file structure-v6.tsv (TSV, N, CA and C atoms)
chain	number	residue	atom	x	y	z
A	1124	MET	N	1.59	19.98	-46.43
A	1124	MET	CA	1.56	21.40	-46.69
A	1124	MET	C	0.20	21.75	-47.27
A	1125	HIS	N	-0.44	22.75	-46.75
A	1125	HIS	CA	-1.75	23.18	-47.19
A	1125	HIS	C	-1.60	24.27	-48.24
A	1126	LYS	N	-2.25	24.09	-49.40
A	1126	LYS	CA	-2.22	25.10	-50.45
A	1126	LYS	C	-3.52	25.88	-50.43
A	1127	SER	N	-3.45	27.16	-50.23
A	1127	SER	CA	-4.65	27.99	-50.23
A	1127	SER	C	-4.80	28.67	-51.59
A	1128	ARG	N	-5.92	29.33	-51.80
A	1128	ARG	CA	-6.16	30.05	-53.04
A	1128	ARG	C	-5.09	31.12	-53.21
A	1129	VAL	N	-4.47	31.17	-54.39
A	1129	VAL	CA	-3.37	32.09	-54.62
A	1129	VAL	C	-3.80	33.12	-55.65
A	1130	PRO	N	-3.75	34.42	-55.31
A	1130	PRO	CA	-4.10	35.44	-56.29
A	1130	PRO	C	-2.98	35.62	-57.31
A	1131	ARG	N	-3.28	36.26	-58.43
A	1131	ARG	CA	-2.27	36.55	-59.44
A	1131	ARG	C	-1.25	37.53	-58.89
A	1132	GLN	N	-0.07	37.52	-59.50
A	1132	GLN	CA	1.01	38.39	-59.05
A	1132	GLN	C	0.56	39.85	-59.04
A	1133	GLY	N	0.90	40.56	-57.98
A	1133	GLY	CA	0.58	41.97	-57.90
A	1133	GLY	C	-0.68	42.25	-57.09
A	1134	TYR	N	-1.51	41.27	-56.85
A	1134	TYR	CA	-2.72	41.48	-56.04
A	1134	TYR	C	-2.33	41.48	-54.57
A	1135	VAL	N	-3.06	42.17	-53.77
A	1135	VAL	CA	-2.79	42.24	-52.33
A	1135	VAL	C	-4.04	41.81	-51.57
A	1136	LEU	N	-3.86	40.89	-50.63
A	1136	LEU	CA	-4.97	40.50	-49.78
A	1136	LEU	C	-5.10	41.54	-48.67
A	1137	ALA	N	-6.31	41.76	-48.22
A	1137	ALA	CA	-6.55	42.77	-47.18
A	1137	ALA	C	-5.73	42.44	-45.93
A	1138	ASP	N	-5.07	43.43	-45.37
A	1138	ASP	CA	-4.29	43.32	-44.14
A	1138	ASP	C	-3.14	42.32	-44.23
A	1139	THR	N	-2.61	42.05	-45.42
A	1139	THR	CA	-1.47	41.15	-45.55
A	1139	THR	C	-0.45	41.76	-46.50
A	1140	LEU	N	0.70	41.15	-46.56
A	1140	LEU	CA	1.73	41.57	-47.50
A	1140	LEU	C	1.38	41.06	-48.89
A	1141	PRO	N	1.95	41.66	-49.93
A	1141	PRO	CA	1.68	41.16	-51.29
A	1141	PRO	C	2.14	39.71	-51.44
A	1142	ILE	N	1.37	38.93	-52.17
A	1142	ILE	CA	1.71	37.55	-52.46
A	1142	ILE	C	2.16	37.49	-53.91
A	1143	HIS	N	3.33	36.90	-54.15
A	1143	HIS	CA	3.87	36.82	-55.51
A	1143	HIS	C	3.69	35.41	-56.05
A	1144	PHE	N	2.94	35.32	-57.11
A	1144	PHE	CA	2.63	34.05	-57.77
A	1144	PHE	C	3.20	34.14	-59.18
A	1145	SER	N	4.10	33.25	-59.55
A	1145	SER	CA	4.69	33.31	-60.88
A	1145	SER	C	5.02	31.90	-61.33
A	1146	GLY	N	5.53	31.79	-62.52
A	1146	GLY	CA	5.86	30.48	-63.06
A	1146	GLY	C	7.04	30.57	-63.99
A	1147	PHE	N	7.54	29.40	-64.40
A	1147	PHE	CA	8.62	29.37	-65.37
A	1147	PHE	C	8.38	28.25	-66.37
A	1148	PHE	N	9.02	28.37	-67.52
A	1148	PHE	CA	8.84	27.43	-68.60
A	1148	PHE	C	10.18	27.30	-69.31
A	1149	SER	N	10.63	26.09	-69.56
A	1149	SER	CA	11.90	25.86	-70.24
A	1149	SER	C	11.73	24.71	-71.22
A	1150	GLN	N	12.24	24.88	-72.43
A	1150	GLN	CA	12.09	23.85	-73.44
A	1150	GLN	C	13.43	23.57	-74.09
A	1151	SER	N	13.76	22.29	-74.24
A	1151	SER	CA	14.96	21.87	-74.96
A	1151	SER	C	14.55	20.77	-75.94
A	1152	PHE	N	15.51	20.19	-76.64
A	1152	PHE	CA	15.18	19.13	-77.60
A	1152	PHE	C	14.65	17.89	-76.90
A	1153	GLU	N	15.12	17.63	-75.69
A	1153	GLU	CA	14.74	16.40	-74.99
A	1153	GLU	C	13.49	16.53	-74.15
A	1154	LYS	N	13.28	17.72	-73.54
A	1154	LYS	CA	12.17	17.81	-72.59
A	1154	LYS	C	11.64	19.24	-72.46
A	1155	VAL	N	10.47	19.32	-71.83
A	1155	VAL	CA	9.84	20.59	-71.49
A	1155	VAL	C	9.69	20.59	-69.98
A	1156	GLN	N	10.06	21.71	-69.34
A	1156	GLN	CA	9.93	21.85	-67.89
A	1156	GLN	C	9.07	23.06	-67.59
A	1157	ALA	N	8.21	22.94	-66.58
A	1157	ALA	CA	7.37	24.06	-66.16
A	1157	ALA	C	7.21	23.99	-64.65
A	1158	GLY	N	7.04	25.15	-64.04
A	1158	GLY	CA	6.88	25.17	-62.60
A	1158	GLY	C	6.06	26.36	-62.15
A	1159	VAL	N	5.53	26.26	-60.94
A	1159	VAL	CA	4.74	27.33	-60.33
A	1159	VAL	C	5.45	27.74	-59.04
A	1160	LEU	N	5.74	29.04	-58.93
A	1160	LEU	CA	6.40	29.59	-57.74
A	1160	LEU	C	5.40	30.39	-56.93
A	1161	TYR	N	5.45	30.25	-55.63
A	1161	TYR	CA	4.60	30.98	-54.70
A	1161	TYR	C	5.50	31.61	-53.67
A	1162	ASN	N	5.59	32.95	-53.66
A	1162	ASN	CA	6.53	33.65	-52.78
A	1162	ASN	C	7.94	33.09	-52.91
A	1163	ASP	N	8.38	32.92	-54.16
A	1163	ASP	CA	9.72	32.41	-54.50
A	1163	ASP	C	9.99	30.99	-54.02
A	1164	THR	N	8.95	30.23	-53.71
A	1164	THR	CA	9.08	28.82	-53.32
A	1164	THR	C	8.44	27.96	-54.40
A	1165	LEU	N	9.16	26.95	-54.88
A	1165	LEU	CA	8.63	26.06	-55.90
A	1165	LEU	C	7.51	25.22	-55.31
A	1166	MET	N	6.27	25.39	-55.82
A	1166	MET	CA	5.12	24.66	-55.31
A	1166	MET	C	4.74	23.48	-56.21
A	1167	GLU	N	4.90	23.65	-57.52
A	1167	GLU	CA	4.56	22.58	-58.47
A	1167	GLU	C	5.63	22.54	-59.55
A	1168	TYR	N	5.98	21.32	-59.98
A	1168	TYR	CA	6.99	21.15	-61.01
A	1168	TYR	C	6.51	20.07	-61.98
A	1169	TYR	N	6.63	20.33	-63.28
A	1169	TYR	CA	6.21	19.40	-64.31
A	1169	TYR	C	7.36	19.21	-65.29
A	1170	GLU	N	7.55	17.97	-65.74
A	1170	GLU	CA	8.57	17.69	-66.74
A	1170	GLU	C	7.99	16.70	-67.74
A	1171	PHE	N	8.10	17.04	-69.01
A	1171	PHE	CA	7.53	16.20	-70.07
A	1171	PHE	C	8.60	15.96	-71.12
A	1172	SER	N	8.61	14.77	-71.68
A	1172	SER	CA	9.47	14.50	-72.84
A	1172	SER	C	8.58	13.98	-73.95
A	1173	GLU	N	9.06	14.05	-75.17
A	1173	GLU	CA	8.25	13.61	-76.32
A	1173	GLU	C	7.90	12.13	-76.19
A	1174	ASN	N	8.77	11.35	-75.54
A	1174	ASN	CA	8.51	9.92	-75.37
A	1174	ASN	C	7.37	9.66	-74.39
A	1175	ASP	N	7.13	10.55	-73.42
A	1175	ASP	CA	6.06	10.32	-72.44
A	1175	ASP	C	4.78	11.02	-72.83
A	1176	ARG	N	4.63	11.42	-74.05
A	1176	ARG	CA	3.44	12.18	-74.44
A	1176	ARG	C	2.18	11.42	-74.05
A	1177	GLU	N	1.45	11.95	-73.13
A	1177	GLU	CA	0.21	11.34	-72.63
A	1177	GLU	C	-0.97	12.08	-73.24
A	1178	ILE	N	-1.83	11.36	-73.91
A	1178	ILE	CA	-2.97	12.00	-74.56
A	1178	ILE	C	-4.26	11.79	-73.79
A	1179	LEU	N	-4.21	10.96	-72.75
A	1179	LEU	CA	-5.41	10.69	-71.96
A	1179	LEU	C	-5.96	11.98	-71.39
A	1180	GLY	N	-7.23	12.26	-71.61
A	1180	GLY	CA	-7.85	13.48	-71.11
A	1180	GLY	C	-7.79	14.64	-72.08
A	1181	ASP	N	-7.02	14.51	-73.17
A	1181	ASP	CA	-6.95	15.59	-74.17
A	1181	ASP	C	-8.34	15.87	-74.73
A	1182	ILE	N	-8.63	17.14	-74.96
A	1182	ILE	CA	-9.88	17.54	-75.61
A	1182	ILE	C	-9.52	18.00	-77.01
A	1183	ARG	N	-10.16	17.40	-78.00
A	1183	ARG	CA	-9.84	17.67	-79.40
A	1183	ARG	C	-11.11	17.88	-80.21
A	1184	LEU	N	-10.94	18.51	-81.35
A	1184	LEU	CA	-12.05	18.65	-82.29
A	1184	LEU	C	-12.05	17.40	-83.15
A	1185	GLY	N	-13.11	16.61	-83.02
A	1185	GLY	CA	-13.21	15.38	-83.79
A	1185	GLY	C	-14.18	15.53	-84.94
A	1186	GLN	N	-13.95	14.76	-86.00
A	1186	GLN	CA	-14.85	14.76	-87.15
A	1186	GLN	C	-15.34	13.34	-87.38
A	1187	VAL	N	-16.66	13.19	-87.45
A	1187	VAL	CA	-17.27	11.87	-87.63
A	1187	VAL	C	-16.84	11.32	-88.99
A	1188	ARG	N	-16.28	10.12	-88.96
A	1188	ARG	CA	-15.83	9.45	-90.18
A	1188	ARG	C	-16.87	8.43	-90.64
A	1189	GLU	N	-17.40	7.69	-89.65
A	1189	GLU	CA	-18.36	6.63	-89.97
A	1189	GLU	C	-19.27	6.39	-88.77
A	1190	VAL	N	-20.55	6.19	-89.04
A	1190	VAL	CA	-21.53	5.85	-88.01
A	1190	VAL	C	-21.91	4.39	-88.23
A	1191	VAL	N	-21.79	3.56	-87.17
A	1191	VAL	CA	-22.08	2.13	-87.28
A	1191	VAL	C	-23.19	1.78	-86.29
A	1192	PRO	N	-24.47	1.83	-86.75
A	1192	PRO	CA	-25.60	1.56	-85.84
A	1192	PRO	C	-25.60	0.15	-85.26
A	1193	GLY	N	-25.06	-0.82	-85.99
A	1193	GLY	CA	-25.07	-2.21	-85.53
A	1193	GLY	C	-24.32	-2.42	-84.22
A	1194	ILE	N	-23.30	-1.62	-83.99
A	1194	ILE	CA	-22.54	-1.75	-82.73
A	1194	ILE	C	-22.67	-0.49	-81.86
A	1195	ASN	N	-23.62	0.38	-82.23
A	1195	ASN	CA	-23.84	1.64	-81.51
A	1195	ASN	C	-22.53	2.40	-81.29
A	1196	ALA	N	-21.85	2.70	-82.40
A	1196	ALA	CA	-20.56	3.36	-82.30
A	1196	ALA	C	-20.36	4.35	-83.44
A	1197	VAL	N	-19.48	5.30	-83.16
A	1197	VAL	CA	-19.09	6.30	-84.15
A	1197	VAL	C	-17.56	6.25	-84.23
A	1198	PHE	N	-17.03	6.21	-85.45
A	1198	PHE	CA	-15.59	6.29	-85.65
A	1198	PHE	C	-15.27	7.70	-86.09
A	1199	MET	N	-14.23	8.30	-85.47
A	1199	MET	CA	-13.93	9.71	-85.68
A	1199	MET	C	-12.46	9.95	-85.98
A	1200	ASN	N	-12.18	10.98	-86.77
A	1200	ASN	CA	-10.82	11.47	-86.94
A	1200	ASN	C	-10.54	12.43	-85.80
A	1201	VAL	N	-9.51	12.14	-84.99
A	1201	VAL	CA	-9.18	12.99	-83.86
A	1201	VAL	C	-7.70	13.39	-83.85
A	1202	GLY	N	-7.04	13.28	-85.00
A	1202	GLY	CA	-5.64	13.68	-85.09
A	1202	GLY	C	-4.65	12.59	-84.77
A	1203	GLU	N	-5.07	11.37	-84.64
A	1203	GLU	CA	-4.18	10.24	-84.39
A	1203	GLU	C	-4.04	9.43	-85.68
A	1204	ASN	N	-3.16	8.42	-85.66
A	1204	ASN	CA	-2.95	7.60	-86.86
A	1204	ASN	C	-4.19	6.80	-87.23
A	1205	ARG	N	-4.90	6.30	-86.23
A	1205	ARG	CA	-6.11	5.51	-86.48
A	1205	ARG	C	-7.33	6.29	-86.00
A	1206	PRO	N	-8.49	5.99	-86.58
A	1206	PRO	CA	-9.70	6.70	-86.12
A	1206	PRO	C	-10.04	6.35	-84.67
A	1207	GLY	N	-10.63	7.31	-83.98
A	1207	GLY	CA	-11.08	7.09	-82.62
A	1207	GLY	C	-12.44	6.40	-82.61
A	1208	PHE	N	-12.71	5.68	-81.55
A	1208	PHE	CA	-13.96	4.93	-81.38
A	1208	PHE	C	-14.77	5.59	-80.28
A	1209	MET	N	-16.03	5.89	-80.56
A	1209	MET	CA	-16.90	6.48	-79.54
A	1209	MET	C	-18.17	5.65	-79.41
A	1210	PRO	N	-18.34	4.92	-78.29
A	1210	PRO	CA	-19.59	4.21	-78.08
A	1210	PRO	C	-20.71	5.22	-77.85
A	1211	VAL	N	-21.90	4.91	-78.37
A	1211	VAL	CA	-23.04	5.84	-78.30
A	1211	VAL	C	-24.26	5.10	-77.79
A	1212	ASP	N	-25.07	5.79	-76.97
A	1212	ASP	CA	-26.34	5.21	-76.53
A	1212	ASP	C	-27.22	4.92	-77.74
A	1213	LYS	N	-27.97	3.83	-77.69
A	1213	LYS	CA	-28.77	3.40	-78.82
A	1213	LYS	C	-29.72	4.49	-79.34
A	1214	GLY	N	-30.32	5.25	-78.46
A	1214	GLY	CA	-31.27	6.28	-78.87
A	1214	GLY	C	-30.63	7.51	-79.49
A	1215	ARG	N	-29.31	7.67	-79.33
A	1215	ARG	CA	-28.62	8.86	-79.83
A	1215	ARG	C	-27.85	8.62	-81.12
A	1216	ILE	N	-27.81	7.40	-81.62
A	1216	ILE	CA	-26.98	7.10	-82.79
A	1216	ILE	C	-27.38	7.91	-84.01
A	1217	SER	N	-28.66	8.25	-84.12
A	1217	SER	CA	-29.13	9.02	-85.28
A	1217	SER	C	-28.73	10.50	-85.20
A	1218	ASP	N	-28.21	10.96	-84.05
A	1218	ASP	CA	-27.76	12.34	-83.89
A	1218	ASP	C	-26.45	12.62	-84.62
A	1219	TYR	N	-25.73	11.57	-85.01
A	1219	TYR	CA	-24.40	11.74	-85.61
A	1219	TYR	C	-24.45	11.48	-87.11
A	1220	LYS	N	-23.78	12.35	-87.86
A	1220	LYS	CA	-23.71	12.25	-89.33
A	1220	LYS	C	-22.26	12.34	-89.77
A	1221	PRO	N	-21.85	11.60	-90.81
A	1221	PRO	CA	-20.48	11.70	-91.32
A	1221	PRO	C	-20.14	13.15	-91.70
A	1222	GLY	N	-18.94	13.59	-91.32
A	1222	GLY	CA	-18.50	14.95	-91.59
A	1222	GLY	C	-18.78	15.93	-90.47
A	1223	GLN	N	-19.66	15.56	-89.55
A	1223	GLN	CA	-20.01	16.44	-88.42
A	1223	GLN	C	-18.80	16.60	-87.50
A	1224	GLU	N	-18.58	17.81	-86.97
A	1224	GLU	CA	-17.47	18.09	-86.07
A	1224	GLU	C	-17.97	18.53	-84.70
A	1225	PHE	N	-17.32	18.05	-83.65
A	1225	PHE	CA	-17.62	18.47	-82.28
A	1225	PHE	C	-16.46	18.08	-81.38
A	1226	LEU	N	-16.43	18.68	-80.18
A	1226	LEU	CA	-15.36	18.40	-79.23
A	1226	LEU	C	-15.54	17.03	-78.58
A	1227	VAL	N	-14.43	16.31	-78.46
A	1227	VAL	CA	-14.41	15.01	-77.78
A	1227	VAL	C	-13.22	14.97	-76.84
A	1228	GLN	N	-13.29	14.08	-75.86
A	1228	GLN	CA	-12.19	13.90	-74.91
A	1228	GLN	C	-11.70	12.46	-75.00
A	1229	ILE	N	-10.39	12.28	-75.00
A	1229	ILE	CA	-9.81	10.95	-75.10
A	1229	ILE	C	-9.90	10.26	-73.74
A	1230	GLN	N	-10.57	9.10	-73.73
A	1230	GLN	CA	-10.78	8.33	-72.49
A	1230	GLN	C	-9.78	7.20	-72.32
A	1231	LYS	N	-9.34	6.63	-73.44
A	1231	LYS	CA	-8.47	5.46	-73.38
A	1231	LYS	C	-7.48	5.53	-74.53
A	1232	ALA	N	-6.23	5.25	-74.26
A	1232	ALA	CA	-5.18	5.32	-75.28
A	1232	ALA	C	-5.31	4.18	-76.28
A	1233	ALA	N	-4.70	4.36	-77.43
A	1233	ALA	CA	-4.70	3.33	-78.47
A	1233	ALA	C	-3.92	2.11	-77.99
A	1234	ILE	N	-4.43	0.93	-78.32
A	1234	ILE	CA	-3.76	-0.32	-77.96
A	1234	ILE	C	-3.70	-1.19	-79.20
A	1235	GLY	N	-2.50	-1.62	-79.56
A	1235	GLY	CA	-2.33	-2.49	-80.73
A	1235	GLY	C	-2.86	-1.84	-81.99
A	1236	GLU	N	-3.78	-2.53	-82.66
A	1236	GLU	CA	-4.37	-2.03	-83.91
A	1236	GLU	C	-5.59	-1.16	-83.67
A	1237	LYS	N	-6.04	-1.07	-82.42
A	1237	LYS	CA	-7.24	-0.28	-82.11
A	1237	LYS	C	-6.86	1.17	-81.85
A	1238	GLY	N	-7.74	2.09	-82.26
A	1238	GLY	CA	-7.52	3.51	-82.02
A	1238	GLY	C	-7.94	3.91	-80.62
A	1239	VAL	N	-7.87	5.20	-80.34
A	1239	VAL	CA	-8.25	5.73	-79.03
A	1239	VAL	C	-9.76	5.62	-78.83
A	1240	VAL	N	-10.19	5.60	-77.58
A	1240	VAL	CA	-11.61	5.64	-77.23
A	1240	VAL	C	-11.90	7.06	-76.77
A	1241	VAL	N	-12.96	7.66	-77.34
A	1241	VAL	CA	-13.30	9.05	-77.02
A	1241	VAL	C	-14.73	9.14	-76.50
A	1242	THR	N	-15.05	10.30	-75.91
A	1242	THR	CA	-16.41	10.57	-75.44
A	1242	THR	C	-16.75	12.02	-75.76
A	1243	ASP	N	-18.05	12.28	-75.89
A	1243	ASP	CA	-18.48	13.67	-76.10
A	1243	ASP	C	-18.95	14.29	-74.78
A	1244	HIS	N	-18.79	13.57	-73.67
A	1244	HIS	CA	-19.07	14.10	-72.33
A	1244	HIS	C	-17.75	14.60	-71.76
A	1245	LEU	N	-17.47	15.89	-71.88
A	1245	LEU	CA	-16.19	16.45	-71.48
A	1245	LEU	C	-16.11	16.62	-69.97
A	1246	SER	N	-14.93	16.35	-69.43
A	1246	SER	CA	-14.68	16.48	-68.00
A	1246	SER	C	-13.44	17.33	-67.80
A	1247	LEU	N	-13.61	18.47	-67.12
A	1247	LEU	CA	-12.49	19.34	-66.81
A	1247	LEU	C	-12.23	19.25	-65.30
A	1248	THR	N	-11.08	18.72	-64.96
A	1248	THR	CA	-10.75	18.59	-63.55
A	1248	THR	C	-9.42	19.27	-63.27
A	1249	GLY	N	-9.21	19.66	-62.05
A	1249	GLY	CA	-7.93	20.25	-61.68
A	1249	GLY	C	-8.10	21.23	-60.54
A	1250	GLN	N	-6.99	21.60	-59.98
A	1250	GLN	CA	-7.00	22.45	-58.81
A	1250	GLN	C	-7.39	23.88	-59.14
A	1251	TYR	N	-7.21	24.32	-60.40
A	1251	TYR	CA	-7.51	25.70	-60.75
A	1251	TYR	C	-8.85	25.86	-61.46
A	1252	VAL	N	-9.64	24.78	-61.58
A	1252	VAL	CA	-10.96	24.84	-62.20
A	1252	VAL	C	-12.00	25.07	-61.13
A	1253	VAL	N	-12.86	26.03	-61.34
A	1253	VAL	CA	-13.90	26.35	-60.35
A	1253	VAL	C	-15.25	26.00	-60.92

call {"tool": "encode", "arguments": {"input": "structure-v6.tsv", "output": "structure tokens"}}
result
Amino acid sequence: MHKSRVPRQGYVLADTLPIHFSGFFSQSFEKVQAGVLYNDTLMEYYEFSENDREILGDIRLGQVREVVPGINAVFMNVGENRPGFMPVDKGRISDYKPGQEFLVQIQKAAIGEKGVVVTDHLSLTGQYVV
């Protein structure tokens, strides 16, 4: 099935009938459901539960906790239990100072005793990003 560019509800394409684009959202204790309808046909469906919470790709405001020049890394508070780790190019390590805040994106989930791996090179991908 080919998905073409869909205008917002109420817009009319020249020489065509109105196209209705809408969505729904439902939340319960166990899960969250969301969907996208195109001319009353379900085109996309998403279901999330608290147990499947995926943080990969999340963009968060991080605060530098510690700069470690010996391993070219910055440890940051990013809202998780353990500090996030951000590898840094050798020439840029002096750009970071404890307490500094900036946006970071989570690249790798926490494993064992290690925290998440983050980057300051943000990537926005998706079908609705132009």

call {"tool": "residues_around", "arguments": {"input": "structure-v6.tsv", "residues": "Gln1223 in chain A", "least_positions_apart": "4", "cutoff": "6 Å", "atoms": "all atoms listed in the file", "output": "PyMOL selection string"}}
result
chain A and resi 1185-1187

call {"tool": "atom_distance", "arguments": {"input": "structure-v6.tsv", "atom1": "atom N of Gly1222 in chain A", "atom2": "atom N of Arg1183 in chain A"}}
result
16.4 Å

call {"tool": "atom_distance", "arguments": {"input": "structure-v6.tsv", "atom1": "CA of Val1201 in chain A", "atom2": "CA of Ser1149 in chain A"}}
result
28.2 Å

call {"tool": "closest_atom_pairs", "arguments": {"input": "structure-v6.tsv", "of": "range 1136-1216 of chain A", "to": "range 1226-1246 of chain A", "cutoff": "6 Å", "atoms": "all atoms listed in the file", "output": "Markdown table"}}
result
| residue | atom | partner | partner_atom | distance |
| --- | --- | --- | --- | --- |
| A:Ile1178 | C | A:Ile1229 | CA | 5.8 |
| A:Leu1179 | CA | A:Ile1229 | C | 4.8 |
| A:Gly1180 | N | A:Ile1229 | C | 4.0 |
| A:Asp1181 | C | A:Ile1229 | N | 4.1 |
| A:Ile1182 | CA | A:Gln1228 | CA | 4.4 |
| A:Arg1183 | C | A:Val1227 | N | 4.1 |
| A:Leu1184 | CA | A:Leu1226 | CA | 4.5 |
| A:Gly1185 | N | A:Val1227 | N | 4.8 |
| A:Arg1205 | C | A:Gly1238 | CA | 4.9 |
| A:Pro1206 | C | A:Gly1238 | CA | 4.6 |
| A:Gly1207 | CA | A:Val1239 | C | 4.3 |
| A:Phe1208 | N | A:Val1239 | C | 4.0 |
| A:Met1209 | CA | A:Val1241 | C | 4.6 |
| A:Pro1210 | N | A:Val1241 | C | 5.8 |

call {"tool": "select_by_dssp", "arguments": {"input": "structure-v6.tsv", "residues": "range 1151-1190 of chain A", "states": "strand (DSSP E)", "output": "number ranges by chain"}}
result
A: 1154-1161, 1164-1172, 1182-1190

call {"tool": "closest_residue", "arguments": {"input": "structure-v6.tsv", "among": "A:Glu1170, A:Gly1202, A:Val1197, A:Phe1225", "to": "Gln1150 in chain A", "atoms": "only C-alpha atoms"}}
result
A:Glu1170

call {"tool": "atom_distance", "arguments": {"input": "structure-v6.tsv", "atom1": "CA of Pro1221 in chain A", "atom2": "CA of Phe1198 in chain A"}}
result
9.2 Å

call {"tool": "select_by_dssp", "arguments": {"input": "structure-v6.tsv", "residues": "range 1135-1247 of chain A", "states": "helix (DSSP H, G or I)", "output": "list of chain:residue names"}}
result
A:Glu1173, A:Asn1174, A:Asp1175, A:Pro1192, A:Gly1193, A:Ile1194, A:Lys1213, A:Gly1214, A:Arg1215, A:Ile1216, A:Ser1217, A:Asp1218

call {"tool": "closest_residue", "arguments": {"input": "structure-v6.tsv", "among": "A:Met1166, A:Phe1144, A:Val1190, A:Met1199", "to": "Ile1216 in chain A", "atoms": "only C-alpha atoms"}}
result
A:Val1190

call {"tool": "closest_residue", "arguments": {"input": "structure-v6.tsv", "among": "A:Gln1250, A:Val1211, A:Phe1147, A:Tyr1169", "to": "Gly1193 in chain A", "atoms": "only C-alpha atoms"}}
result
A:Val1211
